[in-house]
Amino acid sequence: MAFPRPKPTTVETLAMERANRPFSVRKMSIKMHGSERALVLKERFMAEIARHPAFKLSDIHDLSKDELRERTMEKFASMVYFVTNESLEVFSLRMQLIGIADPSFWTRFGVSYGLFLGALRSGATPNQLNYWIDRGVLGLNGVIGCFAMTELAHGSNVAGLETTATFDRASDEFVIHTPHLGATKWWIGGAASTATHAAVFAQMIVDGKRHGVKTFVTQLRDTKTFQLLPGVTIGDIGKKMGRDGIDRPNAQFTYVRVPRAHMLMKHTQVSRDGEVTEPPLAQLTYGALLGGRTSMVADSSNSAKKALTVAVRYAAVRRQFRSGGKELETQILDYPIHQRRLMPLVAQAIAMGFTALKLQTMYEDMTAALDSMEPSDPNLEEILDKLKETHATSAGLKAAGKAAAGTGTRHTRTFRSCMQTLRSNTWEGDNTILSLQAGRALVGAWGGELAGQLPQLELIAAAIKGKKLAPGVAYLGHASILSAKSDSSLSLADIQKGFYCVAANAIKKAAEEYVAHLKSGKSKDEAMEACSQSRFIAAKLHTIGYIFGMFREAVGEMEDGPETDALRTVCRLYGLWQAEELQGYFLKYGYLDAKQMDKVQLEVDALCAQVRAIAIPLVDAFALSDHIINSPLGKFDGSVYESYFAQVQACNPLPKTHPYFDRLIRPLLEREAGAALDDVGEAMALDDELAEMADERRAAKGAERTEMTGAPGAPGGPKAE
C-alpha cells in the first residue's frame with residue numbers, strides 16, 4: 001500500500017483478538033448450529049449463493065422498487081431446482097441462510113412455499129394435497145401461490161375477517177366476495193404481479209348460516225396469458241419498508257366462483273348437498289400459521305447475529321481517545337459502557353438461537369402428530385395440548401424475538417435494511433397481540449379457565465383433577481415457587497428459579513384479576529381484556545424465562561469443554577442481565593432484595609468484561625461470510641476503512657457533467673446584484689436609541705456609587721446614631 005496506516009492496523013488488531021481464543025471456533029459453531037451437518041450445509045449454501053449473479057448484494061440498497069422485484073423473481077426461479085430436489089430439512093436450512101442475506105426474497109418465497117403450501121399441507125385432505133402437487137405447486141409450473149388472509153380492516157383477529165364464501169348448491173361452487181372496502185385483502189405478498197393462485201381466508205356461509213373462517217384456493221390469473229380472471233381486482237400497494245422486493249397488492253373479489261373442491265377440507269367438510277361437518281376443535285385449522293411464527297424465532301436470532309457481528313468487529317478495531325497514559329488510543333470495545341451495550345445483546349442473540357433449535361423440534365413433532373391424526377385418534381387430547389403449547393410459546397417468542405433482534409440491530413447504527421426488516425415484522429399478528437395470546441394461555445394454565453367451577457382461585461391447574469401441565473409451564477405446579485427466595489449464588493439454577501418465581505406470581509396476578517372481573521359480571525372476553533396489562537406482563541416474564549431455560553437446558557446437555565464453559569458464562573450473562581432489566585419484578589415478588597440486586601449489577605459488569613474477551617471468537621462462530629454480512633464495517637479480516645472507502649467510491653462515482661449546474665447553480669452564482677437595501681438602522685434611529693440607553697446605564701451606576709458612599713456607617717459617611 002502506498003500510504004500505510006499507523007500500527008497496529010485494523011487487520012492486525014482483529015488478528016490479535018483471535019490469537020489467544022480459549023475455545024475452538026469450529027466446535028463452538030457446531031454447537032450453535034445444532035450439528036456439524038447443519039454447519040457444513042450452511043457453508044455450502046454460502047459458497048453457492050456468493051457465486052450466483054441473482055444473489056449479488058453489494059448494490060441491493062441502490063436498486064429501485066421495480067429492479068428489486070425483478071431480481072427477486074430471478075432468485076425465485078433459481079430456487080425451484082432446490083425445492084424439488086432437496087429434502088424439506090435441507091431446503092429449510094438453505095432458506096434460513098437466504099433469509100439472512102436477503103430478507104425480502106425470503107419473505108416472498110416463504111409466502112408461496114411456507115404459507116401457501118403450508119395452508120395446503122395443514123388444511124387439505126390427502127387427495128386435495130396430491131391434486132395441487134400434481135398441478136405443479138412445488139415446481140411453480142402451473143401454480144404460483146400466495147396467502148390471502150389479512151384484510152384492510154382486519155389482521156390479528158382472523159375470526160373477524162369479512163370476505164365471504166357462500167355455497168351455491170346448484171352449481172356445487174363457492175362464491176368468493178368482498179362485501180365492502182374494509183374486507184379488501186391487503187399486504188398479500190406476491191399477488192400484485194406474480195401469483196396465479198391464492199389461499200383465500202373467508203367466512204363460509206351455507207344456507208345463510210355462517211360457519212367461521214375457512215380456506216379456499218382461488219385462481220387469480222390465467223396461467224397462459226397472466227391476465228386477471230373475471231371478478232378479480234388487484235392493485236399494487238407499492239413500497240413497504242424493508243420488503244421492496246415483494247409485490248404487495250390490494251385484492252378484491254366480486255362474486256368469484258370456485259369449485260367446492262377448492263375449499264380445504266381436512267378439518268371442516270362440506271358435502272355435495274351442503275352438509276357441513278365441523279372439526280372437534282377450531283384451532284386445528286390454524287396450523288399453517290405456526291410454521292411462520294416458528295421460523296421467525298430463528299430469523300430474529302439470525303438477524304441479530306448478523307448485525308452484532310458487524311457491531312462487535314467494528315468496535316474491536318475502532319480506536320478513540322487515549323486512557324491510562326497508553327500510547328495507543330483505546331479500542332471502543334474496551335470501554336465498560338460499550339461492553340454493557342453490546343455483550344448482553346450478543347448473549348441474547350445466542351440464547352434466541354438455541355431457543356429456535358428447541359422450538360423447531362417442538363414444531364416438527366407437533367406437525368407430524370397433526371399430519372397423522374385421525375378423527376378418532378386416542379391421542380387427540382395430547383396432540384391438542386401440544387398444539388396449544390406450540391401456539392402460545394411461538395406467539396410469545398415471536399414478539400420477544402422481534403424485540404431482541406430490533407435492539408441488536410439498533411446498536412449497529414449502520415444498517416437501514418436490518419432496521420427496516422425488523423420494523424416490518426408485524427405479519428402473523430401484532431407483537432402486543434401475540435404477547436396477549438400467550439398471556440391468555442398462561443391464565444388458562446394457572447386455572448383461570450376453571451374459575452366458574454371454584455369459589456376462589458387458590459389452586460393451580462396441575463392440582464385440579466390431576467391435570468398435567470405442558471413442559472413449558474410445569475413450574476406452575478410447584479406451590480412453593482410463589483414464595484421462593486434467592487440463595488445469593490446467582491448460579492444458573494438460582495437464576496432459573498428466580499424467573500419461575502416472578503413469572504408464576506405475575507401469572508397468578510393476571511388470573512386473579514380475570515376471576516375478579518368475571519365475578520363482577522363481565523363476560524369471559526371482557527374479563528380477559530380488562531386484565532390485558534397483567535397478561536402482557538405475565539407473558540413477557542414467562543417468555544424471557546423460557547428463553548433462558550431453553551439456553552440453560554441446551555448448555556446442560558453439552559459435554560464439558562472450553563466451548564461449554566464459554567456458553568455457560570454467556571448464559572449467566574443473559575439471565576442476570578435480564579434480571580437486572582426486570583429488577584422491579586424480582587424486588588416486588590421478593591426473590592431478590594436490594595443488596596442482592598446490587599450484587600447482580602456488579603456480576604453483570606464482570607460478565608460483560610469476560611464475554612468481551614471472547615467476543616470476536618463468539619461472533620466468528622456465527623459463521624457468516626462477508627458476502628452474507630454485506631457490510632465493510634464487518635469484514636472478517638478487519639479491513640474496515642479500506643473496504644468502506646472502496647465501496648463508497650464504487651457506489652458513488654462522480655458524474656463527468658454536473659447534473660444540475662446549468663439549471664440551478666449557475667443562475668445563482670451569476671445573478672445580477674439587487675438594489676441596495678434601505679439603511680434599516682437609520683430608519684429606526686437605532687444608534688441614537690442605543691446611545692441613550694448607554695447614558696442611562698452610566699447614570700444609574702453613578703447614582704449607585706453615591707448611595708453607597710453616603711450610607712450610614714460607611715467610610716467617610718455620617719455615623720449611625
# chains A, B, ... in the order shown; residues from 1 in each chain; ligands from 1
call {"tool": "residues_around", "arguments": {"residues": "segment 73-76 of chain A", "least_positions_apart": "4", "cutoff": "7 Å", "atoms": "only C-alpha atoms", "output": "ChimeraX atom specification"}}
result
/A:54-55,69,80,109
call {"tool": "residues_around", "arguments": {"residues": "Arg612 of chain A", "least_positions_apart": "5", "cutoff": "8 Å", "atoms": "only C-alpha atoms", "output": "PyMOL selection string"}}
result
chain A and resi 333-334+339+343
call {"tool": "atom_distance", "arguments": {"atom1": "atom CA of Ala438 of chain A", "atom2": "atom CA of Trp106 of chain A"}}
result
26.5 Å
call {"tool": "closest_atom_pairs", "arguments": {"of": "segment 82-183 of chain A", "to": "segment 249-268 of chain A", "cutoff": "6 Å", "atoms": "only C-alpha atoms", "output": "Markdown table"}}
result
| residue | atom | partner | partner_atom | distance |
| --- | --- | --- | --- | --- |
| A:Gly123 | CA | A:Lys266 | CA | 5.1 |
| A:Ala124 | CA | A:Leu264 | CA | 4.6 |
| A:Thr125 | CA | A:Lys266 | CA | 4.5 |
| A:Asp172 | CA | A:Arg260 | CA | 5.8 |
| A:Glu173 | CA | A:Pro259 | CA | 4.5 |
| A:Phe174 | CA | A:Val258 | CA | 5.4 |
| A:Val175 | CA | A:Arg257 | CA | 4.5 |
| A:Ile176 | CA | A:Val256 | CA | 5.0 |
| A:His177 | CA | A:Tyr255 | CA | 4.9 |
| A:Thr178 | CA | A:Phe253 | CA | 5.2 |
call {"tool": "residues_around", "arguments": {"residues": "segment 529-532 of chain A", "least_positions_apart": "2", "cutoff": "9 Å", "atoms": "only C-alpha atoms", "output": "JSON list (two decimals) with all heavy atoms, in the first residue's frame"}}
result
[["chain", "number", "residue", "atom", "x", "y", "z"],
["A", 436, "LEU", "N", -50.32, -11.07, 24.19],
["A", 436, "LEU", "CA", -51.58, -11.27, 24.91],
["A", 436, "LEU", "C", -52.14, -12.67, 24.67],
["A", 436, "LEU", "O", -52.78, -13.25, 25.55],
["A", 436, "LEU", "CB", -52.60, -10.20, 24.50],
["A", 436, "LEU", "CG", -52.30, -8.78, 24.99],
["A", 436, "LEU", "CD1", -53.33, -7.81, 24.46],
["A", 436, "LEU", "CD2", -52.25, -8.73, 26.51],
["A", 439, "GLY", "N", -50.35, -14.66, 26.99],
["A", 439, "GLY", "CA", -50.87, -14.38, 28.33],
["A", 439, "GLY", "C", -52.19, -15.07, 28.60],
["A", 439, "GLY", "O", -52.44, -15.55, 29.72],
["A", 440, "ARG", "N", -53.05, -15.14, 27.61],
["A", 440, "ARG", "CA", -54.32, -15.86, 27.77],
["A", 440, "ARG", "C", -54.07, -17.33, 28.08],
["A", 440, "ARG", "O", -54.72, -17.91, 28.96],
["A", 440, "ARG", "CB", -55.15, -15.72, 26.49],
["A", 440, "ARG", "CG", -56.49, -16.47, 26.54],
["A", 440, "ARG", "CD", -57.17, -16.41, 25.18],
["A", 440, "ARG", "NE", -57.69, -15.10, 24.89],
["A", 440, "ARG", "CZ", -58.94, -14.70, 25.15],
["A", 440, "ARG", "NH1", -59.80, -15.54, 25.74],
["A", 440, "ARG", "NH2", -59.33, -13.48, 24.84],
["A", 510, "ALA", "N", -52.49, -12.05, 37.11],
["A", 510, "ALA", "CA", -53.36, -11.91, 35.93],
["A", 510, "ALA", "C", -54.59, -12.79, 36.07],
["A", 510, "ALA", "O", -55.71, -12.38, 35.75],
["A", 510, "ALA", "CB", -52.57, -12.26, 34.67],
["A", 511, "ALA", "N", -54.39, -14.04, 36.54],
["A", 511, "ALA", "CA", -55.52, -14.97, 36.68],
["A", 511, "ALA", "C", -56.50, -14.48, 37.75],
["A", 511, "ALA", "O", -57.72, -14.58, 37.58],
["A", 511, "ALA", "CB", -54.99, -16.36, 37.04],
["A", 513, "GLU", "N", -57.01, -11.37, 38.64],
["A", 513, "GLU", "CA", -57.72, -10.22, 38.07],
["A", 513, "GLU", "C", -58.84, -10.71, 37.15],
["A", 513, "GLU", "O", -59.96, -10.17, 37.16],
["A", 513, "GLU", "CB", -56.76, -9.32, 37.30],
["A", 513, "GLU", "CG", -55.86, -8.47, 38.18],
["A", 513, "GLU", "CD", -55.00, -7.54, 37.35],
["A", 513, "GLU", "OE1", -55.37, -7.26, 36.19],
["A", 513, "GLU", "OE2", -53.96, -7.09, 37.86],
["A", 514, "TYR", "N", -58.51, -11.72, 36.35],
["A", 514, "TYR", "CA", -59.50, -12.28, 35.42],
["A", 514, "TYR", "C", -60.72, -12.81, 36.18],
["A", 514, "TYR", "O", -61.88, -12.51, 35.84],
["A", 514, "TYR", "CB", -58.84, -13.40, 34.61],
["A", 514, "TYR", "CG", -59.79, -14.21, 33.76],
["A", 514, "TYR", "CD1", -60.45, -13.63, 32.68],
["A", 514, "TYR", "CD2", -60.01, -15.56, 34.04],
["A", 514, "TYR", "CE1", -61.32, -14.39, 31.89],
["A", 514, "TYR", "CE2", -60.87, -16.31, 33.26],
["A", 514, "TYR", "CZ", -61.52, -15.71, 32.19],
["A", 514, "TYR", "OH", -62.38, -16.46, 31.42],
["A", 517, "HIS", "N", -62.88, -10.00, 37.64],
["A", 517, "HIS", "CA", -63.72, -9.36, 36.63],
["A", 517, "HIS", "C", -64.90, -10.25, 36.26],
["A", 517, "HIS", "O", -66.00, -9.74, 36.01],
["A", 517, "HIS", "CB", -62.89, -9.03, 35.38],
["A", 517, "HIS", "CG", -61.92, -7.91, 35.58],
["A", 517, "HIS", "ND1", -62.31, -6.66, 35.99],
["A", 517, "HIS", "CD2", -60.56, -7.86, 35.43],
["A", 517, "HIS", "CE1", -61.24, -5.87, 36.08],
["A", 517, "HIS", "NE2", -60.17, -6.58, 35.76],
["A", 524, "LYS", "N", -66.44, -13.54, 29.69],
["A", 524, "LYS", "CA", -65.06, -14.05, 29.65],
["A", 524, "LYS", "C", -64.17, -13.16, 28.79],
["A", 524, "LYS", "O", -63.03, -12.85, 29.17],
["A", 524, "LYS", "CB", -65.05, -15.49, 29.12],
["A", 524, "LYS", "CG", -65.60, -16.51, 30.10],
["A", 524, "LYS", "CD", -65.43, -17.93, 29.57],
["A", 524, "LYS", "CE", -65.90, -18.95, 30.60],
["A", 524, "LYS", "NZ", -65.72, -20.35, 30.12],
["A", 525, "ASP", "N", -64.68, -12.75, 27.63],
["A", 525, "ASP", "CA", -63.88, -11.89, 26.75],
["A", 525, "ASP", "C", -63.62, -10.54, 27.40],
["A", 525, "ASP", "O", -62.50, -10.00, 27.33],
["A", 525, "ASP", "CB", -64.58, -11.71, 25.40],
["A", 525, "ASP", "CG", -64.51, -12.96, 24.54],
["A", 525, "ASP", "OD1", -63.65, -13.81, 24.82],
["A", 525, "ASP", "OD2", -65.31, -13.08, 23.59],
["A", 526, "GLU", "N", -64.65, -9.97, 28.02],
["A", 526, "GLU", "CA", -64.48, -8.68, 28.69],
["A", 526, "GLU", "C", -63.49, -8.79, 29.84],
["A", 526, "GLU", "O", -62.66, -7.89, 30.07],
["A", 526, "GLU", "CB", -65.83, -8.18, 29.20],
["A", 526, "GLU", "CG", -66.78, -7.75, 28.10],
["A", 526, "GLU", "CD", -68.18, -7.43, 28.64],
["A", 526, "GLU", "OE1", -68.55, -7.98, 29.71],
["A", 526, "GLU", "OE2", -68.89, -6.66, 27.99],
["A", 527, "ALA", "N", -63.57, -9.89, 30.58],
["A", 527, "ALA", "CA", -62.65, -10.09, 31.71],
["A", 527, "ALA", "C", -61.22, -10.23, 31.22],
["A", 527, "ALA", "O", -60.28, -9.69, 31.84],
["A", 527, "ALA", "CB", -63.07, -11.33, 32.51],
["A", 534, "SER", "N", -51.88, -7.02, 32.78],
["A", 534, "SER", "CA", -51.28, -8.07, 33.61],
["A", 534, "SER", "C", -50.95, -9.30, 32.78],
["A", 534, "SER", "O", -49.94, -9.97, 33.02],
["A", 534, "SER", "CB", -52.23, -8.44, 34.76],
["A", 534, "SER", "OG", -52.36, -7.36, 35.66],
["A", 535, "ARG", "N", -51.79, -9.61, 31.80],
["A", 535, "ARG", "CA", -51.48, -10.73, 30.89],
["A", 535, "ARG", "C", -50.22, -10.44, 30.10],
["A", 535, "ARG", "O", -49.38, -11.33, 29.88],
["A", 535, "ARG", "CB", -52.64, -10.97, 29.92],
["A", 535, "ARG", "CG", -53.80, -11.74, 30.49],
["A", 535, "ARG", "CD", -54.70, -12.23, 29.37],
["A", 535, "ARG", "NE", -55.42, -11.15, 28.71],
["A", 535, "ARG", "CZ", -55.61, -11.05, 27.40],
["A", 535, "ARG", "NH1", -55.12, -11.96, 26.58],
["A", 535, "ARG", "NH2", -56.30, -10.05, 26.89],
["A", 536, "PHE", "N", -50.08, -9.21, 29.63],
["A", 536, "PHE", "CA", -48.90, -8.82, 28.85],
["A", 536, "PHE", "C", -47.63, -8.98, 29.68],
["A", 536, "PHE", "O", -46.63, -9.53, 29.22],
["A", 536, "PHE", "CB", -49.06, -7.37, 28.37],
["A", 536, "PHE", "CG", -47.92, -6.87, 27.55],
["A", 536, "PHE", "CD1", -47.88, -7.12, 26.18],
["A", 536, "PHE", "CD2", -46.87, -6.17, 28.12],
["A", 536, "PHE", "CE1", -46.82, -6.67, 25.41],
["A", 536, "PHE", "CE2", -45.81, -5.71, 27.36],
["A", 536, "PHE", "CZ", -45.78, -5.95, 26.00],
["A", 537, "ILE", "N", -47.67, -8.49, 30.93],
["A", 537, "ILE", "CA", -46.51, -8.61, 31.81],
["A", 537, "ILE", "C", -46.20, -10.08, 32.09],
["A", 537, "ILE", "O", -45.03, -10.50, 32.06],
["A", 537, "ILE", "CB", -46.76, -7.85, 33.12],
["A", 537, "ILE", "CG1", -46.82, -6.34, 32.83],
["A", 537, "ILE", "CG2", -45.68, -8.16, 34.16],
["A", 537, "ILE", "CD1", -47.31, -5.51, 34.00]]
call {"tool": "atom_distance", "arguments": {"atom1": "atom CA of Gln578 of chain A", "atom2": "atom CA of Met32 of chain A"}}
result
21.0 Å
call {"tool": "residues_around", "arguments": {"residues": "segment 640-649 of chain A", "least_positions_apart": "6", "cutoff": "9 Å", "atoms": "only C-alpha atoms", "output": "number ranges by chain"}}
result
A: 10-11, 58, 314, 317, 631-634
call {"tool": "write_last_selection", "arguments": {"atoms": "N, CA and C atoms", "output": "mmCIF file, in the first residue's frame"}}
result
data_model
loop_
_atom_site.group_PDB
_atom_site.id
_atom_site.type_symbol
_atom_site.label_atom_id
_atom_site.label_comp_id
_atom_site.auth_asym_id
_atom_site.auth_seq_id
_atom_site.Cartn_x
_atom_site.Cartn_y
_atom_site.Cartn_z
ATOM 1 N N THR A 10 -6.090 -2.064 11.520
ATOM 2 C CA THR A 10 -7.327 -2.735 11.924
ATOM 3 C C THR A 10 -7.251 -4.234 11.649
ATOM 4 N N VAL A 11 -6.552 -4.599 10.582
ATOM 5 C CA VAL A 11 -6.384 -6.022 10.272
ATOM 6 C C VAL A 11 -5.571 -6.707 11.366
ATOM 7 N N SER A 58 -24.091 -6.390 -3.131
ATOM 8 C CA SER A 58 -23.373 -5.130 -2.924
ATOM 9 C C SER A 58 -24.155 -3.912 -3.391
ATOM 10 N N TYR A 314 -16.448 -4.117 14.436
ATOM 11 C CA TYR A 314 -16.090 -2.708 14.269
ATOM 12 C C TYR A 314 -15.653 -2.103 15.600
ATOM 13 N N VAL A 317 -11.986 -2.929 16.333
ATOM 14 C CA VAL A 317 -10.905 -2.297 15.562
ATOM 15 C C VAL A 317 -10.952 -0.773 15.622
ATOM 16 N N SER A 631 -21.356 -5.809 4.627
ATOM 17 C CA SER A 631 -21.015 -4.528 5.246
ATOM 18 C C SER A 631 -19.504 -4.413 5.358
ATOM 19 N N PRO A 632 -18.928 -3.323 4.874
ATOM 20 C CA PRO A 632 -17.479 -3.170 5.009
ATOM 21 C C PRO A 632 -17.032 -3.070 6.458
ATOM 22 N N LEU A 633 -17.916 -2.627 7.339
ATOM 23 C CA LEU A 633 -17.540 -2.478 8.747
ATOM 24 C C LEU A 633 -17.492 -3.811 9.485
ATOM 25 N N GLY A 634 -17.970 -4.865 8.857
ATOM 26 C CA GLY A 634 -17.956 -6.178 9.499
ATOM 27 C C GLY A 634 -17.031 -7.165 8.814
#
call {"tool": "closest_residue", "arguments": {"among": "A:Lys7, A:Arg313, A:Arg26, A:Arg21", "to": "Phe636 of chain A", "atoms": "only C-alpha atoms"}}
result
A:Arg313
call {"tool": "select_by_dssp", "arguments": {"residues": "segment 53-282 of chain A", "states": "helix (DSSP H, G or I)", "output": "ChimeraX atom specification"}}
result
/A:53-55,60-62,65-85,88-101,103-123,126-134,158-160,181-183,260-262,282
call {"tool": "residues_around", "arguments": {"residues": "Lys31 of chain A", "least_positions_apart": "4", "cutoff": "10 Å", "atoms": "only C-alpha atoms", "output": "list in words"}}
result
Val25, Arg26, Lys27, Ser35, Glu36, Leu39, Phe354, Ala554, Val555, Met558, Glu563, Thr564, Leu567 and Ala621 of chain A
call {"tool": "residues_around", "arguments": {"residues": "Ala474 of chain A", "least_positions_apart": "5", "cutoff": "10 Å", "atoms": "only C-alpha atoms", "output": "PyMOL selection string"}}
result
chain A and resi 445+462+468-469+500
call {"tool": "write_last_selection", "arguments": {"atoms": "C-alpha atoms", "output": "PDB file, in the first residue's frame"}}
result
ATOM      1  CA  ALA A 445     -52.642 -22.841  32.655  1.00  0.00           C
ATOM      2  CA  ALA A 462     -51.883 -29.154  37.967  1.00  0.00           C
ATOM      3  CA  LYS A 468     -50.837 -32.437  33.733  1.00  0.00           C
ATOM      4  CA  LEU A 469     -49.279 -29.145  32.733  1.00  0.00           C
ATOM      5  CA  TYR A 500     -40.077 -19.176  37.691  1.00  0.00           C
TER       6      TYR A 500
END
call {"tool": "closest_residue", "arguments": {"among": "A:Val217, A:Ile547, A:Val158, A:Leu120", "to": "Ser301 of chain A", "atoms": "only C-alpha atoms"}}
result
A:Ile547
call {"tool": "closest_residue", "arguments": {"among": "A:Lys185, A:Lys224, A:Arg71, A:Lys635", "to": "Val310 of chain A", "atoms": "only C-alpha atoms"}}
result
A:Lys635
call {"tool": "atom_distance", "arguments": {"atom1": "atom CA of Gly212 of chain A", "atom2": "atom CA of Ile234 of chain A"}}
result
24.9 Å
call {"tool": "residues_around", "arguments": {"residues": "Arg572 of chain A", "least_positions_apart": "3", "cutoff": "10 Å", "atoms": "only C-alpha atoms", "output": "number ranges by chain"}}
result
A: 347, 490-493, 495, 548, 551-552, 567-569, 575-578, 603-604, 607
